[in-house]
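Asker: Encoded as structure tokens, here's the structure I'll be asking about.
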Amino acid sequence: MMLGTLIGEPWADYGLVDSGHGRKLERYGRFRFVRPEPQAMWAPAKPDWTFDGEFVPGSDEEGGGRWQFDQPVPRDGWGMRWDDVRFTAQTTPFRHLGFFPDMAPVWSWMRERLDGLETADCMNLFGYTGVGTLSLASKGARMVHVDASKKSVEAARANAALSGLDAAPVRWIIDDAAKFTAREVRRGRRYDGILLDPPKYGRGPEGEIWRLEEDLPRLIADCRQLLDENSRFLFLTVYAVRMSALAIGEMLRQLFADLPGTVEAGELGVREEARGLTLPPAIWARWSR
């Protein structure tokens, strides 16, 4: 099993400006925001930051907190772009801004894996507001986008319209990701690629409970049944710091031992603009052929 780091570089509409002392300063289009970042254990490049808003975390461990704004910020969001994908960024009660910019190198990598396929069928589990889905749909992939949140799927469809992809072959599914995947196995479905970005904890539309450490192995095993020797990839990202890249990599290595290809694992990093250092917000594991 190979280990490595995927590093996201700044792009026109996003950049990690500075980081340190448990916080990070980022630019999202014309706005700048400060958010908590436990991995930023060093000192920032500059002691004083200028920004439009800051997320102040609560005292609980479930991600609570609130936004404080120094300058007016559109509460209904503003437009952004990654490559040919357009979408809306927005401050949310969950400290993020409606998409995960550190996933940009993953979007590029998935596109590369599908090069040469005339048609490709892919699934995005825990698809959220759909930037990952649209990054593949814009290149002609037939997509299945699954998320338990009706609001998130509605936002993803709105992003598809912004990108001119409202007529693209995307199935928008509001469902529990684990239950839907198990049904796909029973249906005998097959995919060329699968992307998973599961939360640490979540609830399905009918109150189903998702706990990452307990439920991830079964879900990955089901995903394995949806792939074959002609499939191209499975990519898993994990933001739960108590898990390790070695652990999730070994899980994939065992489950994919009967398929040709390569299993890799490592950290997902974002390049800081101030000094060029790498901030690691997540870990990942992948199988590819």
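Ordering of the structure tokens sets the chain letters (A, B, ...); residue numbers start at 1 within each chain; ligands are numbered from 1 in the order shown.
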Could you give me, as a PyMOL selection string, the residues within 7 Å of stretch 37-40 of chain A, counting only C-alpha atoms and dropping anything in the same chain fewer than 4 positions from it?
Answerer: chain A and resi 19-24+279-281
Asker: With 12 Å as the cut-off and only C-alpha atoms counted, what is the closest atom pair between each nearby residue of stretch 142-205 of chain A and stretch 110-122 of chain A? Distances in Å to one decimal, ordered by chain and number, as a Markdown table.
Answerer:
```
| residue | atom | partner | partner_atom | distance |
| --- | --- | --- | --- | --- |
| A:Arg142 | CA | A:Asp121 | CA | 4.8 |
| A:Met143 | CA | A:Cys122 | CA | 5.0 |
| A:Val144 | CA | A:Cys122 | CA | 6.3 |
| A:His145 | CA | A:Cys122 | CA | 8.7 |
| A:Val146 | CA | A:Cys122 | CA | 11.2 |
| A:Pro169 | CA | A:Asp121 | CA | 9.8 |
| A:Val170 | CA | A:Cys122 | CA | 9.6 |
| A:Arg171 | CA | A:Cys122 | CA | 10.5 |
| A:Arg189 | CA | A:Asp121 | CA | 10.1 |
| A:Arg190 | CA | A:Asp121 | CA | 7.9 |
| A:Tyr191 | CA | A:Asp121 | CA | 5.2 |
| A:Asp192 | CA | A:Asp121 | CA | 5.3 |
| A:Gly193 | CA | A:Cys122 | CA | 4.6 |
| A:Ile194 | CA | A:Cys122 | CA | 5.6 |
| A:Leu195 | CA | A:Cys122 | CA | 7.9 |
| A:Leu196 | CA | A:Cys122 | CA | 11.1 |
```
Asker: Quick check, in Å to one decimal: how far apart do atom CA of A:Trp172 and atom CA of A:Glu154 lie?
Answerer: 8.8 Å
Asker: Tell me, as a list in words, which residues lie within 7 Å of stretch 155-167 of chain A, counting only C-alpha atoms; anything in the same chain fewer than 2 positions away does not count.
Answerer: Val85, Arg86, Phe87, Thr88, Tyr128, Thr129, Gly130, Leu134, Lys151, Ser152, Val153 and Pro169 of chain A
Asker: What's around A:Val263 at 12 Å? Count only C-alpha atoms, leave out sequence neighbours fewer than 6 positions away in its own chain, and write the answer as a list in words.
Answerer: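 What passes the distance filter is Met1, Met2, Leu3, Gly4, Arg232, Phe233, Leu234, Phe235, Leu236, Ala245, Leu246, Ile248, Gly249, Glu250, Met251, Leu252, Arg253, Gln254, Leu255, Phe256, Ala257, Trp284, Ala285, Arg286, Trp287, Ser288 and Arg289 of chain A.
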Asker: Which of stretch 3-163 of chain A end up as alpha helix (DSSP H) when DSSP is run on this backbone - answer as number ranges by chain?
Answerer: A: 104-113, 131-137, 150-162
Asker: Write the residues you've just listed into a file as a compact mmCIF listing (two decimals), in the first residue's frame, and include C-alpha atoms for each of them.
Answerer:
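Saved to out16.txt:
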```txt
# COMPACT_ATOMS: atom_id res chain seq x y z
CA ALA A 104 -10.30 20.12 -5.42
CA PRO A 105 -7.37 17.74 -6.07
CA VAL A 106 -9.78 14.82 -5.65
CA TRP A 107 -12.11 16.25 -8.30
CA SER A 108 -9.17 16.58 -10.70
CA TRP A 109 -7.90 13.06 -9.92
CA MET A 110 -11.31 11.49 -10.57
CA ARG A 111 -11.55 13.22 -13.92
CA GLU A 112 -8.16 11.81 -14.89
CA ARG A 113 -9.23 8.28 -13.96
CA VAL A 131 -19.57 20.15 -6.63
CA GLY A 132 -17.92 16.72 -6.81
CA THR A 133 -20.89 15.36 -8.75
CA LEU A 134 -20.80 18.27 -11.21
CA SER A 135 -17.03 18.01 -11.68
CA LEU A 136 -17.64 14.59 -13.29
CA ALA A 137 -20.98 15.36 -14.93
CA LYS A 150 -33.40 17.30 1.00
CA LYS A 151 -32.00 20.82 1.43
CA SER A 152 -28.53 19.71 0.29
CA VAL A 153 -29.89 17.92 -2.79
CA GLU A 154 -31.95 20.99 -3.69
CA ALA A 155 -28.77 23.10 -3.41
CA ALA A 156 -26.92 20.59 -5.61
CA ARG A 157 -29.61 20.82 -8.28
CA ALA A 158 -29.42 24.62 -8.13
CA ASN A 159 -25.64 24.39 -8.60
CA ALA A 160 -26.22 22.13 -11.60
CA ALA A 161 -28.41 24.82 -13.14
CA LEU A 162 -25.74 27.46 -12.46
```
Asker: Pick out the closest residue to A:Arg95 from this set: A:Val73, A:Ala221, A:Val238, A:Val56. Count only C-alpha atoms.
Answerer: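 Distance minimum relative to A:Arg95 lands on A:Val56.
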Asker: What's the 8 Å shell around stretch 203-214 of chain A, counting only C-alpha atoms, without same-chain residues fewer than 4 positions away, as a list in words?
Answerer: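 Close residues of stretch 203-214 of chain A: Ala148, Ser149, Ile174, Asp175, Asp176, Ala177, Pro198 and Pro199 of chain A.
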Asker: Using only C-alpha atoms, which of the listed residues (A:Leu25, A:Leu226, A:Ala282, A:Ala89) sits closest to A:Met243?
Answerer: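 Under the stated criterion, the closest residue is A:Ala282.
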Asker: Would you kindly return, as a CSV table (one decimal) with all heavy atoms, in the first residue's frame, each protein, DNA or RNA residue with an atom no farther than 10 Å from any atom of A:Trp67, considering only C-alpha atoms and excluding same-chain residues fewer than 3 positions away?
Answerer:
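Heads up, here's the output in selection_22.csv:
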```csv
chain,number,residue,atom,x,y,z
A,33,PHE,N,-12.8,34.8,5.3
A,33,PHE,CA,-13.4,34.2,6.5
A,33,PHE,C,-12.3,33.5,7.4
A,33,PHE,O,-11.3,33.0,6.9
A,33,PHE,CB,-14.5,33.2,6.2
A,33,PHE,CG,-15.6,33.8,5.4
A,33,PHE,CD1,-15.7,33.7,4.0
A,33,PHE,CD2,-16.6,34.5,6.1
A,33,PHE,CE1,-16.7,34.2,3.3
A,33,PHE,CE2,-17.7,35.0,5.3
A,33,PHE,CZ,-17.7,34.9,4.0
A,34,VAL,N,-12.6,33.5,8.7
A,34,VAL,CA,-11.7,32.8,9.6
A,34,VAL,C,-12.5,31.7,10.2
A,34,VAL,O,-13.7,31.9,10.7
A,34,VAL,CB,-11.2,33.7,10.8
A,34,VAL,CG1,-10.5,32.9,11.8
A,34,VAL,CG2,-10.3,34.8,10.2
A,35,ARG,N,-11.9,30.5,10.2
A,35,ARG,CA,-12.6,29.3,10.8
A,35,ARG,C,-11.6,28.6,11.7
A,35,ARG,O,-10.4,28.7,11.6
A,35,ARG,CB,-13.1,28.4,9.7
A,35,ARG,CG,-14.1,29.0,8.8
A,35,ARG,CD,-14.7,27.9,7.9
A,35,ARG,NE,-13.8,27.4,6.9
A,35,ARG,CZ,-13.9,26.2,6.3
A,35,ARG,NH1,-14.9,25.4,6.6
A,35,ARG,NH2,-13.0,25.8,5.4
A,53,GLY,N,-15.8,37.7,8.1
A,53,GLY,CA,-16.6,37.0,9.1
A,53,GLY,C,-15.7,35.9,9.7
A,53,GLY,O,-14.7,35.5,9.2
A,54,GLU,N,-16.1,35.5,10.9
A,54,GLU,CA,-15.4,34.5,11.7
A,54,GLU,C,-16.4,33.5,12.3
A,54,GLU,O,-17.4,34.0,12.9
A,54,GLU,CB,-14.5,35.1,12.7
A,54,GLU,CG,-13.8,34.0,13.6
A,54,GLU,CD,-12.8,34.6,14.6
A,54,GLU,OE1,-12.8,35.9,14.7
A,54,GLU,OE2,-12.0,33.8,15.2
A,55,PHE,N,-16.1,32.2,12.2
A,55,PHE,CA,-16.9,31.3,12.9
A,55,PHE,C,-16.4,31.0,14.3
A,55,PHE,O,-15.2,30.6,14.4
A,55,PHE,CB,-17.0,29.9,12.1
A,55,PHE,CG,-18.0,29.0,12.7
A,55,PHE,CD1,-19.3,29.0,12.3
A,55,PHE,CD2,-17.6,28.0,13.7
A,55,PHE,CE1,-20.3,28.1,12.9
A,55,PHE,CE2,-18.6,27.2,14.2
A,55,PHE,CZ,-19.9,27.2,13.8
A,56,VAL,N,-17.2,31.3,15.3
A,56,VAL,CA,-16.7,31.1,16.7
A,56,VAL,C,-17.3,29.8,17.2
A,56,VAL,O,-18.6,29.7,17.3
A,56,VAL,CB,-17.2,32.3,17.6
A,56,VAL,CG1,-16.7,32.1,19.0
A,56,VAL,CG2,-16.6,33.6,17.0
A,57,PRO,N,-16.5,28.8,17.5
A,57,PRO,CA,-17.1,27.5,17.9
A,57,PRO,C,-17.7,27.5,19.3
A,57,PRO,O,-17.3,28.4,20.1
A,57,PRO,CB,-15.8,26.6,17.9
A,57,PRO,CG,-14.7,27.5,18.1
A,57,PRO,CD,-15.0,28.8,17.5
A,70,ASP,N,-17.8,41.0,10.5
A,70,ASP,CA,-17.3,42.4,10.5
A,70,ASP,C,-17.7,43.2,9.4
A,70,ASP,O,-17.7,44.5,9.5
A,70,ASP,CB,-15.7,42.3,10.5
A,70,ASP,CG,-15.2,41.8,11.9
A,70,ASP,OD1,-16.0,41.5,12.7
A,70,ASP,OD2,-14.0,41.7,12.0
A,91,THR,N,-22.4,31.0,4.0
A,91,THR,CA,-22.0,30.6,5.4
A,91,THR,C,-23.1,29.8,6.0
A,91,THR,O,-24.3,30.0,5.8
A,91,THR,CB,-21.9,31.9,6.3
A,91,THR,OG1,-23.1,32.7,6.2
A,91,THR,CG2,-20.7,32.7,5.9
A,92,THR,N,-22.8,28.7,6.6
A,92,THR,CA,-23.7,27.7,7.2
A,92,THR,C,-23.5,27.6,8.7
A,92,THR,O,-22.5,27.9,9.2
A,92,THR,CB,-23.5,26.3,6.6
A,92,THR,OG1,-22.4,25.7,7.1
A,92,THR,CG2,-23.4,26.4,5.0
A,93,PRO,N,-24.5,27.0,9.4
A,93,PRO,CA,-24.4,26.8,10.9
A,93,PRO,C,-23.4,25.8,11.2
A,93,PRO,O,-23.1,25.6,12.4
A,93,PRO,CB,-25.8,26.4,11.3
A,93,PRO,CG,-26.7,26.8,10.2
A,93,PRO,CD,-25.9,26.7,8.9
A,94,PHE,N,-22.8,25.1,10.2
A,94,PHE,CA,-21.9,24.0,10.5
A,94,PHE,C,-20.4,24.4,10.2
A,94,PHE,O,-19.6,23.5,10.0
A,94,PHE,CB,-22.2,22.8,9.7
A,94,PHE,CG,-23.7,22.5,9.8
A,94,PHE,CD1,-24.6,22.8,8.8
A,94,PHE,CD2,-24.2,21.9,11.0
A,94,PHE,CE1,-25.9,22.5,8.9
A,94,PHE,CE2,-25.6,21.6,11.1
A,94,PHE,CZ,-26.4,21.9,10.0
A,95,ARG,N,-20.1,25.7,10.3
A,95,ARG,CA,-18.8,26.3,10.1
A,95,ARG,C,-18.2,26.3,8.7
A,95,ARG,O,-17.3,27.0,8.4
A,95,ARG,CB,-17.8,25.7,11.1
A,95,ARG,CG,-17.1,24.4,10.7
A,95,ARG,CD,-16.1,24.0,11.8
A,95,ARG,NE,-16.7,23.7,13.1
A,95,ARG,CZ,-16.0,23.6,14.2
A,95,ARG,NH1,-14.6,23.7,14.2
A,95,ARG,NH2,-16.6,23.4,15.3
```
Asker: State, in Å with one decimal place, the distance from atom CA of A:Gly8 to atom CA of A:Val270.
Answerer: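 Atom CA of A:Val270 lies 4.6 Å from atom CA of A:Gly8.
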Asker: Run DSSP on the backbone and tell me which residues of stretch 136-269 of chain A come out as strand (DSSP E or B); list them as a ChimeraX atom specification.
Answerer: /A:142-147,170-174,193-196,201-203,209-211,233-238,262-269
Asker: Would you output that residue set with C-alpha atoms, as a short mmCIF file (atom, residue, chain, number, x, y, z; two decimals), in the first residue's frame?
Answerer:
```cif
data_model
loop_
_atom_site.label_atom_id
_atom_site.label_comp_id
_atom_site.auth_asym_id
_atom_site.auth_seq_id
_atom_site.Cartn_x
_atom_site.Cartn_y
_atom_site.Cartn_z
CA ARG A 142 -23.61 9.68 -15.77
CA MET A 143 -23.98 10.41 -12.07
CA VAL A 144 -25.93 9.14 -9.09
CA HIS A 145 -25.88 11.77 -6.34
CA VAL A 146 -26.99 10.55 -2.90
CA ASP A 147 -27.55 12.62 0.23
CA VAL A 170 -27.74 12.98 -12.90
CA ARG A 171 -30.04 11.01 -10.62
CA TRP A 172 -30.69 13.12 -7.52
CA ILE A 173 -31.40 10.74 -4.63
CA ILE A 174 -32.58 11.79 -1.16
CA GLY A 193 -16.24 5.18 -9.98
CA ILE A 194 -17.48 5.93 -6.47
CA LEU A 195 -16.74 8.95 -4.29
CA LEU A 196 -17.46 8.90 -0.55
CA TYR A 201 -22.03 11.32 12.62
CA GLY A 202 -25.27 11.78 10.73
CA ARG A 203 -28.96 10.97 10.39
CA ILE A 209 -28.09 6.82 12.59
CA TRP A 210 -24.68 6.95 10.91
CA ARG A 211 -21.55 6.46 13.04
CA PHE A 233 -11.77 4.12 -8.84
CA LEU A 234 -13.16 4.39 -5.35
CA PHE A 235 -12.12 7.48 -3.37
CA LEU A 236 -12.80 7.86 0.37
CA THR A 237 -12.12 10.97 2.46
CA VAL A 238 -12.38 11.06 6.25
CA THR A 262 -3.60 -0.06 -6.60
CA VAL A 263 -4.63 0.91 -3.09
CA GLU A 264 -3.18 4.14 -1.73
CA ALA A 265 -3.76 6.23 1.37
CA GLY A 266 -2.53 9.46 2.84
CA GLU A 267 -3.38 12.97 3.93
CA LEU A 268 -5.33 15.63 2.10
CA GLY A 269 -3.56 18.98 2.26
#
```
